[in-house]
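Undergrad: Pasting upload.txt here (compact mmCIF, C-alpha atoms):
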```txt
# COMPACT_ATOMS: atom_id res chain seq x y z
CA MET A 3 -16.45 21.30 -4.98
CA ASN A 4 -14.52 22.46 -8.07
CA GLU A 5 -16.87 20.67 -10.46
CA ILE A 6 -16.64 21.10 -14.20
CA GLU A 7 -19.07 20.31 -16.99
CA ILE A 8 -18.36 17.22 -19.08
CA GLY A 9 -20.62 17.97 -21.99
CA ARG A 10 -24.26 18.90 -21.40
CA GLY A 11 -25.36 15.99 -19.26
CA LYS A 12 -22.59 15.28 -16.78
CA ARG A 13 -20.54 17.13 -14.22
CA GLY A 14 -17.38 15.89 -12.52
CA ARG A 15 -15.10 17.04 -9.76
CA ARG A 16 -11.60 18.02 -10.78
CA ALA A 17 -9.05 15.74 -9.10
CA TYR A 18 -5.27 15.76 -8.93
CA SER A 19 -2.59 13.08 -9.04
CA LEU A 20 0.64 13.22 -7.06
CA ASP A 21 2.37 14.31 -10.29
CA ASP A 22 0.15 17.40 -10.34
CA ILE A 23 1.30 18.85 -7.01
CA ALA A 24 4.52 20.09 -5.45
CA VAL A 25 5.59 20.87 -1.90
CA VAL A 26 6.49 24.49 -1.14
CA PRO A 27 9.34 25.43 1.25
CA SER A 28 8.54 27.76 4.15
CA ARG A 29 10.62 30.46 5.82
CA ARG A 30 12.22 27.93 8.19
CA THR A 31 14.62 25.06 7.51
CA ARG A 32 15.97 22.34 9.81
CA ASP A 33 18.86 19.97 10.11
CA PRO A 34 17.69 16.61 8.61
CA ARG A 35 19.17 14.87 11.66
CA ASP A 36 16.59 16.64 13.83
CA VAL A 37 13.63 15.30 11.83
CA SER A 38 11.58 12.34 13.08
CA VAL A 39 9.85 10.05 10.58
CA SER A 40 8.52 7.59 13.15
CA TRP A 41 4.82 6.81 13.52
CA GLN A 42 2.56 4.61 15.61
CA ILE A 43 -0.58 2.62 14.91
CA ASP A 44 -2.38 1.16 17.90
CA ALA A 45 0.34 -0.16 20.24
CA TYR A 46 2.94 -0.59 17.49
CA GLN A 47 5.69 1.96 16.93
CA PHE A 48 7.69 2.11 13.69
CA GLU A 49 10.81 4.10 12.91
CA ILE A 50 9.83 4.77 9.29
CA PRO A 51 6.38 5.28 7.70
CA VAL A 52 6.88 2.45 5.22
CA ILE A 53 4.57 -0.57 4.90
CA ALA A 54 5.36 -3.18 2.27
CA ALA A 55 2.48 -4.07 -0.02
CA PRO A 56 1.30 -7.68 0.34
CA MET A 57 2.49 -8.78 -3.10
CA ASP A 58 4.52 -11.89 -3.93
CA SER A 59 7.05 -9.87 -5.94
CA VAL A 60 7.68 -7.65 -2.91
CA MET A 61 7.31 -9.68 0.29
CA SER A 62 8.44 -13.08 1.47
CA PRO A 63 8.77 -14.03 5.13
CA ALA A 64 12.48 -13.21 4.87
CA THR A 65 11.97 -9.75 3.35
CA ALA A 66 9.20 -9.00 5.87
CA ILE A 67 11.69 -9.76 8.63
CA THR A 68 14.38 -7.62 7.00
CA LEU A 69 12.02 -4.66 6.60
CA GLY A 70 10.82 -5.06 10.19
CA LYS A 71 14.38 -4.92 11.48
CA LEU A 72 14.95 -1.77 9.42
CA GLY A 73 12.02 -0.06 11.16
CA GLY A 74 9.16 -0.64 8.72
CA LEU A 75 6.29 -3.09 8.49
CA GLY A 76 6.23 -6.02 6.09
CA VAL A 77 2.81 -7.42 5.19
CA LEU A 78 2.69 -10.95 3.80
CA ASP A 79 0.04 -11.87 1.22
CA LEU A 80 -1.70 -14.78 2.91
CA GLU A 81 -3.29 -15.80 -0.40
CA GLY A 82 -0.03 -15.71 -2.31
CA LEU A 83 2.55 -18.26 -3.33
CA TRP A 84 3.99 -18.56 0.18
CA THR A 85 0.71 -20.05 1.43
CA ARG A 86 -0.01 -22.14 -1.67
CA TYR A 87 3.33 -23.94 -2.01
CA GLU A 88 5.57 -25.55 0.60
CA ASP A 89 8.54 -24.29 -1.42
CA PRO A 90 7.52 -21.38 -3.67
CA GLU A 91 11.07 -20.58 -4.82
CA PRO A 92 10.83 -22.69 -8.02
CA VAL A 93 7.52 -21.01 -8.83
CA LEU A 94 9.02 -17.54 -8.34
CA ALA A 95 11.96 -18.54 -10.51
CA GLU A 96 9.60 -19.74 -13.24
CA ILE A 97 7.63 -16.47 -13.18
CA ALA A 98 10.85 -14.49 -13.48
CA ALA A 99 12.04 -16.69 -16.34
CA LEU A 100 8.93 -16.38 -18.50
CA ASN A 101 10.24 -15.09 -21.83
CA GLN A 102 7.27 -13.11 -23.03
CA GLU A 103 6.57 -9.50 -22.22
CA GLY A 104 4.51 -8.82 -19.11
CA THR A 105 1.42 -7.97 -21.17
CA SER A 106 1.49 -11.31 -22.99
CA PRO A 107 -1.68 -13.44 -22.67
CA ALA A 108 0.65 -16.45 -22.30
CA VAL A 109 2.19 -14.90 -19.18
CA THR A 110 -1.23 -14.09 -17.74
CA ARG A 111 -2.44 -17.63 -18.43
CA ARG A 112 0.59 -19.16 -16.71
CA LEU A 113 0.15 -16.88 -13.68
CA GLN A 114 -3.47 -17.96 -13.43
CA GLU A 115 -2.40 -21.61 -13.53
CA LEU A 116 0.26 -21.18 -10.85
CA TYR A 117 -2.15 -19.38 -8.53
CA GLU A 118 -4.82 -22.07 -8.89
CA ALA A 119 -3.03 -24.09 -6.21
CA PRO A 120 -5.15 -23.90 -3.03
CA VAL A 121 -4.28 -21.73 -0.06
CA GLN A 122 -3.26 -24.00 2.83
CA ALA A 123 -4.13 -23.01 6.38
CA GLU A 124 -1.08 -24.77 7.80
CA LEU A 125 1.20 -22.71 5.57
CA ILE A 126 -0.43 -19.50 6.80
CA THR A 127 0.41 -20.62 10.33
CA SER A 128 4.00 -21.58 9.56
CA ARG A 129 4.82 -18.44 7.53
CA LEU A 130 3.50 -16.12 10.24
CA ALA A 131 5.31 -18.15 12.90
CA GLU A 132 8.57 -17.67 10.98
CA ILE A 133 8.11 -13.91 11.03
CA ARG A 134 7.07 -13.90 14.68
CA ALA A 135 10.17 -15.88 15.68
CA SER A 136 12.35 -13.01 14.43
CA GLY A 137 10.86 -10.57 16.94
CA VAL A 138 9.43 -8.07 14.43
CA THR A 139 5.80 -6.96 14.18
CA VAL A 140 3.75 -9.57 12.31
CA ALA A 141 1.25 -8.48 9.65
CA GLY A 142 -0.68 -10.48 7.10
CA ALA A 143 -3.26 -9.62 4.46
CA LEU A 144 -6.38 -11.30 3.15
CA THR A 145 -8.90 -10.13 0.60
CA PRO A 146 -12.48 -9.54 1.79
CA GLN A 147 -13.52 -12.67 -0.13
CA ARG A 148 -11.20 -14.93 1.91
CA THR A 149 -11.34 -13.21 5.28
CA GLN A 150 -14.24 -15.27 6.66
CA GLN A 151 -12.52 -18.50 5.62
CA PHE A 152 -9.06 -17.87 7.08
CA TYR A 153 -9.21 -15.14 9.71
CA LYS A 154 -9.29 -17.56 12.65
CA THR A 155 -6.16 -19.26 11.33
CA VAL A 156 -4.46 -15.89 10.99
CA VAL A 157 -5.40 -14.68 14.48
CA ASP A 158 -4.48 -18.00 16.07
CA ALA A 159 -1.07 -17.80 14.38
CA GLY A 160 -0.37 -14.66 16.40
CA VAL A 161 -0.67 -11.87 13.84
CA ASP A 162 -0.15 -8.40 15.34
CA ILE A 163 -1.83 -6.35 12.59
CA PHE A 164 -4.53 -7.73 10.29
CA VAL A 165 -4.82 -6.20 6.80
CA ILE A 166 -7.95 -6.58 4.66
CA ARG A 167 -6.98 -5.33 1.23
CA GLY A 168 -8.84 -5.33 -2.05
CA THR A 169 -9.23 -3.19 -5.15
CA THR A 170 -12.22 -1.49 -3.54
CA VAL A 171 -13.41 -2.37 -0.03
CA SER A 172 -16.65 -0.96 1.36
CA ALA A 173 -18.25 -1.11 4.77
CA GLU A 174 -21.46 -2.33 3.13
CA HIS A 175 -21.14 -5.03 0.47
CA VAL A 176 -24.42 -6.18 -1.08
CA SER A 177 -24.77 -9.71 -2.44
CA LYS A 178 -27.79 -11.86 -3.34
CA THR A 179 -25.81 -15.12 -3.40
CA GLU A 180 -23.58 -15.11 -0.32
CA GLU A 181 -23.42 -13.59 3.12
CA PRO A 182 -21.14 -10.53 2.97
CA LEU A 183 -18.40 -9.78 5.44
CA ASN A 184 -19.79 -7.53 8.17
CA LEU A 185 -16.73 -5.39 8.77
CA LYS A 186 -18.05 -3.60 11.82
CA GLN A 187 -18.92 -6.83 13.63
CA PHE A 188 -15.76 -8.55 12.42
CA ILE A 189 -13.41 -5.80 13.62
CA TYR A 190 -15.28 -5.44 16.92
CA GLU A 191 -14.78 -9.12 17.69
CA LEU A 192 -11.06 -9.16 16.86
CA ASP A 193 -8.37 -8.44 19.45
CA VAL A 194 -5.89 -7.09 16.89
CA PRO A 195 -5.88 -3.78 14.99
CA VAL A 196 -7.22 -3.97 11.43
CA ILE A 197 -6.10 -1.95 8.42
CA VAL A 198 -8.67 -2.00 5.63
CA GLY A 199 -8.98 -0.65 2.10
CA GLY A 200 -8.82 0.51 -0.58
CA ALA A 201 -10.98 3.54 -0.41
CA ALA A 202 -10.68 6.55 -2.65
CA GLY A 203 -13.20 9.06 -1.38
CA TYR A 204 -14.54 10.86 1.67
CA THR A 205 -17.78 8.92 2.17
CA PRO A 206 -16.47 5.34 1.74
CA ALA A 207 -13.48 6.16 3.96
CA LEU A 208 -15.72 7.60 6.67
CA HIS A 209 -17.84 4.43 6.61
CA LEU A 210 -14.70 2.28 6.94
CA MET A 211 -13.54 4.37 9.90
CA ARG A 212 -16.87 3.78 11.60
CA THR A 213 -16.26 0.03 11.49
CA GLY A 214 -13.49 0.46 14.06
CA ALA A 215 -10.57 0.07 11.68
CA ALA A 216 -7.22 1.29 12.97
CA GLY A 217 -6.14 2.37 9.51
CA VAL A 218 -7.65 2.97 6.07
CA LEU A 219 -5.79 2.28 2.82
CA VAL A 220 -6.23 5.02 0.23
CA GLY A 221 -6.15 4.00 -3.40
CA PHE A 222 -6.44 0.75 -5.27
CA GLY A 223 -2.90 -0.57 -4.76
CA GLY A 224 -0.65 -2.04 -7.43
CA GLY A 225 0.04 1.26 -9.16
CA ALA A 226 2.91 0.00 -11.31
CA THR A 227 1.20 -3.22 -12.35
CA THR A 228 -2.53 -2.60 -12.30
CA THR A 229 -4.62 -2.08 -15.42
CA THR A 230 -7.79 -1.40 -13.43
CA ARG A 231 -8.34 1.92 -15.17
CA ARG A 232 -8.23 0.31 -18.62
CA ALA A 233 -10.21 -2.79 -17.64
CA LEU A 234 -12.86 -1.32 -15.32
CA GLY A 235 -12.72 2.41 -15.97
CA ILE A 236 -12.00 2.95 -12.26
CA HIS A 237 -9.35 5.43 -11.16
CA SER A 238 -8.94 8.04 -8.47
CA PRO A 239 -6.00 10.46 -8.64
CA MET A 240 -4.03 9.96 -5.44
CA ALA A 241 -3.44 13.54 -4.28
CA SER A 242 -7.16 14.29 -4.19
CA ALA A 243 -8.00 10.86 -2.77
CA ILE A 244 -5.57 11.22 0.14
CA SER A 245 -6.84 14.72 0.90
CA ASP A 246 -10.46 13.50 0.87
CA VAL A 247 -9.73 10.60 3.22
CA ALA A 248 -7.65 12.82 5.51
CA THR A 249 -10.68 15.12 5.75
CA ALA A 250 -12.82 12.11 6.65
CA ARG A 251 -10.29 11.29 9.39
CA ARG A 252 -10.63 14.80 10.83
CA ASP A 253 -14.42 14.70 10.75
CA TYR A 254 -14.48 11.21 12.25
CA MET A 255 -12.29 12.43 15.11
CA ASP A 256 -14.95 15.03 15.89
CA GLU A 257 -17.75 12.50 15.51
CA SER A 258 -16.10 9.83 17.67
CA GLY A 259 -14.78 12.09 20.41
CA GLY A 260 -11.13 11.93 19.39
CA ARG A 261 -10.51 8.50 17.87
CA TYR A 262 -7.70 8.80 15.31
CA VAL A 263 -7.73 6.50 12.28
CA HIS A 264 -4.49 6.32 10.32
CA VAL A 265 -4.52 7.13 6.62
CA ILE A 266 -2.18 4.96 4.55
CA ALA A 267 -1.55 5.81 0.91
CA ASP A 268 -1.50 2.62 -1.16
CA GLY A 269 -0.31 2.46 -4.75
CA GLY A 270 1.19 4.72 -7.39
CA MET A 271 4.24 5.78 -5.36
CA GLY A 272 7.34 4.62 -7.19
CA THR A 273 9.76 7.34 -6.11
CA SER A 274 10.70 9.27 -2.99
CA GLY A 275 9.00 12.37 -4.37
CA ASP A 276 5.69 10.50 -4.56
CA ILE A 277 6.07 9.35 -0.94
CA ILE A 278 6.82 12.89 0.21
CA LYS A 279 3.78 14.32 -1.55
CA ALA A 280 1.50 11.56 -0.25
CA ILE A 281 2.40 12.47 3.34
CA ALA A 282 2.11 16.18 2.54
CA MET A 283 -1.48 15.53 1.40
CA GLY A 284 -2.32 13.93 4.76
CA ALA A 285 -1.11 10.31 4.79
CA ASP A 286 0.38 8.95 8.02
CA ALA A 287 2.31 6.22 6.18
CA VAL A 288 2.68 4.73 2.72
CA MET A 289 2.24 1.18 1.43
CA LEU A 290 4.88 0.53 -1.22
CA GLY A 291 5.05 -2.07 -3.96
CA SER A 292 7.30 -1.23 -6.90
CA ALA A 293 9.60 0.96 -4.78
CA LEU A 294 10.51 -2.09 -2.66
CA ALA A 295 10.34 -4.60 -5.51
CA ARG A 296 13.50 -2.91 -6.81
CA ALA A 297 15.48 -4.23 -3.84
CA GLU A 298 17.93 -7.07 -4.40
CA GLU A 299 16.18 -9.19 -1.76
CA ALA A 300 12.73 -8.84 -3.39
CA PRO A 301 11.33 -12.28 -4.28
CA GLY A 302 10.21 -11.09 -7.72
CA ARG A 303 13.82 -11.16 -9.01
CA GLY A 304 13.41 -7.85 -10.81
CA TRP A 305 9.81 -8.51 -11.89
CA HIS A 306 6.74 -7.06 -10.23
CA TRP A 307 3.10 -8.19 -10.29
CA GLY A 308 0.05 -7.96 -8.09
CA PRO A 309 -2.93 -10.21 -7.31
CA GLU A 310 -4.94 -8.53 -10.07
CA ALA A 311 -2.58 -10.06 -12.64
CA HIS A 312 -3.78 -13.62 -12.01
CA HIS A 313 -7.50 -13.05 -11.45
CA LEU A 314 -9.20 -16.05 -13.04
CA GLU A 315 -12.12 -14.20 -14.64
CA LEU A 316 -10.94 -10.64 -15.27
CA PRO A 317 -7.17 -10.16 -14.97
CA ARG A 318 -6.38 -6.46 -14.78
CA GLY A 319 -2.69 -6.30 -14.02
CA ASP A 320 0.62 -6.92 -15.72
CA ARG A 321 3.92 -8.48 -14.77
CA VAL A 322 6.35 -5.59 -15.27
CA ARG A 323 10.14 -5.46 -15.36
CA LEU A 324 11.84 -3.17 -12.85
CA ASP A 325 15.46 -2.17 -12.53
CA THR A 326 17.12 -3.50 -9.38
CA VAL A 327 18.47 -0.62 -7.30
CA GLY A 328 20.41 -2.34 -4.52
CA PRO A 329 19.90 -3.96 -1.12
CA LEU A 330 16.71 -3.08 0.75
CA GLU A 331 18.67 -1.04 3.28
CA GLU A 332 20.10 1.07 0.45
CA VAL A 333 16.66 1.51 -1.12
CA LEU A 334 15.40 2.88 2.18
CA PHE A 335 18.40 4.68 3.67
CA GLY A 336 21.08 5.01 1.00
CA PRO A 337 23.71 6.05 0.32
CA SER A 338 22.32 6.50 -3.15
CA GLN A 339 23.93 6.53 -6.56
CA HIS A 340 20.58 7.09 -8.27
CA THR A 341 19.22 10.53 -9.11
CA ASN A 342 15.67 9.48 -9.95
CA GLY A 343 14.22 8.99 -6.46
CA THR A 344 14.39 5.19 -6.40
CA SER A 345 16.83 4.83 -3.50
CA ASN A 346 17.36 6.46 -0.10
CA LEU A 347 13.61 6.93 0.13
CA VAL A 348 13.64 7.75 3.83
CA GLY A 349 16.62 10.07 3.47
CA ALA A 350 14.75 12.02 0.82
CA LEU A 351 11.70 12.30 3.08
CA ARG A 352 13.86 13.59 5.93
CA ARG A 353 15.53 16.15 3.68
CA SER A 354 12.24 17.41 2.27
CA MET A 355 10.80 17.79 5.75
CA ALA A 356 13.94 19.60 6.89
CA THR A 357 13.93 21.87 3.83
CA THR A 358 10.35 22.90 4.53
CA GLY A 359 10.96 23.32 8.27
CA TYR A 360 8.91 20.47 9.77
CA SER A 361 10.13 18.18 12.53
CA ASP A 362 7.68 15.24 12.40
CA LEU A 363 5.17 13.63 10.06
CA LYS A 364 2.03 15.11 11.58
CA GLU A 365 3.49 18.59 11.25
CA PHE A 366 4.50 17.89 7.67
CA GLN A 367 0.89 17.10 6.77
CA ARG A 368 0.29 20.85 7.09
CA VAL A 369 2.95 21.85 4.55
CA GLU A 370 1.88 24.16 1.73
CA VAL A 371 1.43 22.57 -1.68
CA VAL A 372 0.77 24.00 -5.13
CA VAL A 373 -0.87 22.57 -8.23
CA SER A 374 1.29 22.57 -11.33
CA PRO A 375 -0.13 20.01 -13.77
CA TYR A 376 1.37 21.48 -16.92
CA GLU A 377 4.88 21.66 -15.48
CA SER A 378 4.81 18.13 -14.05
CA ARG A 379 3.66 16.54 -17.29
CA THR A 380 6.13 18.33 -19.54
CA SER A 381 9.20 17.90 -17.33
CA ARG A 382 9.23 14.10 -17.53
```
Mind turning the file's structure into structure tokens?
TA:
Amino acid sequence: MNEIEIGRGKRGRRAYSLDDIAVVPSRRTRDPRDVSVSWQIDAYQFEIPVIAAPMDSVMSPATAITLGKLGGLGVLDLEGLWTRYEDPEPVLAEIAALNQEGTSPAVTRRLQELYEAPVQAELITSRLAEIRASGVTVAGALTPQRTQQFYKTVVDAGVDIFVIRGTTVSAEHVSKTEEPLNLKQFIYELDVPVIVGGAAGYTPALHLMRTGAAGVLVGFGGGATTTTRRALGIHSPMASAISDVATARRDYMDESGGRYVHVIADGGMGTSGDIIKAIAMGADAVMLGSALARAEEAPGRGWHWGPEAHHLELPRGDRVRLDTVGPLEEVLFGPSQHTNGTSNLVGALRRSMATTGYSDLKEFQRVEVVVSPYESRTSR
């Protein structure tokens, strides 16, 4: 298990971040035009393995539609500003115009105030209907805490893919004060595929797969904005986490007689290189926040924040400033004028797959990788 001693009384497993690994070319190369980056979850086929994180700085109904038409999947935060305000544009403008730095308590306090407005069921219905009318796949996200309250509204609105996303989601939540969400029963009774997470280890991921989920989110989301590690001491390096959950997927296939659960890396992937390495470690697709928040169409107007930033009791996220790269299509497909991996994300994935000789995503999951922690940390 590659455990090391941490003093006399504790042992820990060595884990690796995406920065710590690199993909190794093989003896064969391919033409990038011959590489397929499409993937499928349940009955839904997508041309690119990109899912937008359900964050107000990343996704609006309009950007979800744009991403859907470009071949990806936009997921709307059904507890965000778009379901709290009839017209959230002035609120988004106010958040972008706040003068203080993102780590300012004044900014956090104002975010908390703005997000105290109640979630309105009728706005959930109308926002999802707007996306559905465009003809793209409809996806919306709730936290486990709100799923019981609003899931019927979401399903009745005609959602295609239901996402249950939290900092850490388990198949067995214990509470003395309220009835917990029974994921296995809940997913069994739904007629739509469910993506659930985050999970960051083999055992919790295996338990989530046994609930009947179509996909499992790996990680805690909000990589660019979260302060979960500082606030809670919780962190799981993504390369090891993806590999662990991919192993759970393999073992669950054997256990279930062949049922395949998709592994979706969520958080900490700001560049094309991160996306490439996440898939190399075993992810079927990636859920992106900051990488898409850099698009001109992103509702955050160059700022990025997640739901952790406005938690009423224990905020553990910042509003951060990002450089705008260009239109969403350029961010995904180029042509790029940036050399730092922030645009033409899909083109970079295609080229890496072609350079290493793989023709589709499932093949690329078998690519050789090496660990080079010293090099990665000193080359930045």
Undergrad: Using all atoms listed in the file, can you tell me which of A:Leu324, A:Met240, A:Val372, A:Val198 comes closest to Leu294 of chain A?
TA: A:Leu324
Undergrad: Find the spatial neighbours of Gln367 of chain A, counting only C-alpha atoms, within a cut-off of 8 Å - ignore same-chain residues fewer than 2 positions away - and output them as number ranges by chain.
TA: A: 281-285, 363-365, 369
Undergrad: Using all atoms listed in the file and a cutoff of 12 Å, can you tell me which residues are near (5.8, -24.0, 6.9) in the file's coordinates, and write them out as a list in words?
TA: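 Residues with an atom at most 12 Å from (5.8, -24.0, 6.9): Pro63, Trp84, Thr85, Arg86, Tyr87, Glu88, Asp89, Pro90, Gln122, Ala123, Glu124, Leu125, Ile126, Thr127, Ser128, Arg129, Leu130, Ala131, Glu132, Ile133 and Ala159 of chain A.
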Undergrad: Go through segment 174-286 of chain A and flag each residue having an atom no more than 10 Å from segment 327-344 of chain A; for those, report the closest pair of atoms plus their distance in Å to one decimal, using all atoms listed in the file, ordered by chain and rising number, as a Markdown table.
TA:
```
| residue | atom | partner | partner_atom | distance |
| --- | --- | --- | --- | --- |
| A:Gly272 | CA | A:Thr344 | CA | 7.1 |
| A:Thr273 | CA | A:Gly343 | CA | 4.8 |
| A:Ser274 | CA | A:Gly343 | CA | 5.0 |
| A:Gly275 | CA | A:Gly343 | CA | 6.6 |
| A:Asp276 | CA | A:Gly343 | CA | 8.9 |
| A:Ile277 | CA | A:Gly343 | CA | 9.8 |
```
Undergrad: Between atom CA of Leu351 of chain A and atom CA of Ile266 of chain A, what is the spacing in Å?
TA: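 Between atom CA of Ile266 of chain A and atom CA of Leu351 of chain A the gap is 15.8 Å.
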Undergrad: Considering only C-alpha atoms, return as an mmCIF file with C-alpha atoms, keeping the file's coordinate frame whatever protein or nucleic-acid residues lie within 7 Å of Pro146 of chain A, sequence-local ones (same chain, fewer than 3 positions apart) excluded.
TA:
```
data_model
loop_
_atom_site.group_PDB
_atom_site.id
_atom_site.type_symbol
_atom_site.label_atom_id
_atom_site.label_comp_id
_atom_site.auth_asym_id
_atom_site.auth_seq_id
_atom_site.Cartn_x
_atom_site.Cartn_y
_atom_site.Cartn_z
ATOM 1 C CA THR A 149 -11.340 -13.210 5.280
ATOM 2 C CA ILE A 166 -7.950 -6.580 4.660
ATOM 3 C CA ARG A 167 -6.980 -5.330 1.230
ATOM 4 C CA GLY A 168 -8.840 -5.330 -2.050
ATOM 5 C CA LEU A 183 -18.400 -9.780 5.440
#
```
Undergrad: Have a look at A:Leu116, A:Ile43, A:Ile97, A:Val161 and name the one nearest to His264 of chain A; count only C-alpha atoms.
TA: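 Selected residue with least distance to His264 of chain A: A:Ile43.
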Undergrad: Set the distance at 10 Å and use only C-alpha atoms: which residues neighbour Thr65 of chain A once local chain neighbours fewer than 6 positions away are removed? I'd like the list as number ranges by chain.
TA: A: 54, 71, 76-78, 133, 294, 297, 299-301, 330
Undergrad: Find the residues near Ala95 of chain A: any atom within 9 Å, counting only C-alpha atoms, skip ones fewer than 4 places away on the same chain, and give them as a short mmCIF file (atom, residue, chain, number, x, y, z; two decimals) with C-alpha atoms, in the frame of the given file.
TA:
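This went into selection32.cif:
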```cif
data_model
loop_
_atom_site.label_atom_id
_atom_site.label_comp_id
_atom_site.auth_asym_id
_atom_site.auth_seq_id
_atom_site.Cartn_x
_atom_site.Cartn_y
_atom_site.Cartn_z
CA PRO A 90 7.52 -21.38 -3.67
CA GLU A 91 11.07 -20.58 -4.82
CA ALA A 99 12.04 -16.69 -16.34
CA LEU A 100 8.93 -16.38 -18.50
CA PRO A 301 11.33 -12.28 -4.28
CA GLY A 302 10.21 -11.09 -7.72
CA ARG A 303 13.82 -11.16 -9.01
#
```
Undergrad: Determine the nearest neighbour of Ile50 of chain A from the options A:Val93, A:Val348, A:Met355, A:Leu234, counting all atoms listed in the file.
TA: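 Smallest distance to Ile50 of chain A is found for A:Val348.
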Undergrad: Kindly indicate which residue among A:Glu96, A:Glu310, A:Glu370, A:Glu81 lies nearest to Phe152 of chain A, using all atoms listed in the file for the distances.
TA: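 Counting all atoms listed in the file, the residue closest to Phe152 of chain A is A:Glu81.
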Undergrad: What is the atom CA of Pro34 of chain A to atom CA of Asp21 of chain A distance in Å?
TA: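 Atom-to-atom, atom CA of Pro34 of chain A to atom CA of Asp21 of chain A, that is 24.4 Å.
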Undergrad: Please work out which residues fall within 12 Å of (-1.7, -16.5, -17.2), coordinates as given in the file, with only C-alpha atoms counting, and return them as a PDB file with C-alpha atoms, in the coordinates of the input.
TA:
```
ATOM      1  CA  ILE A  97       7.630 -16.470 -13.180  1.00  0.00           C
ATOM      2  CA  LEU A 100       8.930 -16.380 -18.500  1.00  0.00           C
ATOM      3  CA  GLN A 102       7.270 -13.110 -23.030  1.00  0.00           C
ATOM      4  CA  GLU A 103       6.570  -9.500 -22.220  1.00  0.00           C
ATOM      5  CA  GLY A 104       4.510  -8.820 -19.110  1.00  0.00           C
ATOM      6  CA  THR A 105       1.420  -7.970 -21.170  1.00  0.00           C
ATOM      7  CA  SER A 106       1.490 -11.310 -22.990  1.00  0.00           C
ATOM      8  CA  PRO A 107      -1.680 -13.440 -22.670  1.00  0.00           C
ATOM      9  CA  ALA A 108       0.650 -16.450 -22.300  1.00  0.00           C
ATOM     10  CA  VAL A 109       2.190 -14.900 -19.180  1.00  0.00           C
ATOM     11  CA  THR A 110      -1.230 -14.090 -17.740  1.00  0.00           C
ATOM     12  CA  ARG A 111      -2.440 -17.630 -18.430  1.00  0.00           C
ATOM     13  CA  ARG A 112       0.590 -19.160 -16.710  1.00  0.00           C
ATOM     14  CA  LEU A 113       0.150 -16.880 -13.680  1.00  0.00           C
ATOM     15  CA  GLN A 114      -3.470 -17.960 -13.430  1.00  0.00           C
ATOM     16  CA  GLU A 115      -2.400 -21.610 -13.530  1.00  0.00           C
ATOM     17  CA  LEU A 116       0.260 -21.180 -10.850  1.00  0.00           C
ATOM     18  CA  TYR A 117      -2.150 -19.380  -8.530  1.00  0.00           C
ATOM     19  CA  GLU A 118      -4.820 -22.070  -8.890  1.00  0.00           C
ATOM     20  CA  TRP A 307       3.100  -8.190 -10.290  1.00  0.00           C
ATOM     21  CA  PRO A 309      -2.930 -10.210  -7.310  1.00  0.00           C
ATOM     22  CA  GLU A 310      -4.940  -8.530 -10.070  1.00  0.00           C
ATOM     23  CA  ALA A 311      -2.580 -10.060 -12.640  1.00  0.00           C
ATOM     24  CA  HIS A 312      -3.780 -13.620 -12.010  1.00  0.00           C
ATOM     25  CA  HIS A 313      -7.500 -13.050 -11.450  1.00  0.00           C
ATOM     26  CA  LEU A 314      -9.200 -16.050 -13.040  1.00  0.00           C
ATOM     27  CA  GLU A 315     -12.120 -14.200 -14.640  1.00  0.00           C
ATOM     28  CA  LEU A 316     -10.940 -10.640 -15.270  1.00  0.00           C
ATOM     29  CA  PRO A 317      -7.170 -10.160 -14.970  1.00  0.00           C
ATOM     30  CA  ARG A 318      -6.380  -6.460 -14.780  1.00  0.00           C
ATOM     31  CA  GLY A 319      -2.690  -6.300 -14.020  1.00  0.00           C
ATOM     32  CA  ASP A 320       0.620  -6.920 -15.720  1.00  0.00           C
ATOM     33  CA  ARG A 321       3.920  -8.480 -14.770  1.00  0.00           C
TER      34      ARG A 321
END
```
Undergrad: Return the single residue from A:Val265, A:Leu69, A:Val26, A:Val52 that is closest to Ala201 of chain A, with distances computed using all atoms listed in the file.
TA: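 Of the candidates, the smallest distance to Ala201 of chain A is held by A:Val265.
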Undergrad: Nearest to Arg352 of chain A: which of A:Ile236, A:Ala207, A:Ala24, A:Phe366 is it, counting all atoms listed in the file?
TA: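 Comparing A:Ile236, A:Ala207, A:Ala24, A:Phe366 against Arg352 of chain A, the winner is A:Phe366.
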Undergrad: Atom CA of Val288 of chain A and atom CA of Ala55 of chain A are how many Å apart?
TA: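 If I compute the distance from atom CA of Val288 of chain A to atom CA of Ala55 of chain A, I get 9.2 Å.
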Undergrad: Find the residues around Gly304 of chain A up to 7 Å (all atoms listed in the file counted), leave out those fewer than 6 positions away in its own chain, and share them as an NGL selection string.
TA: :A and (295-296 or 323-326)
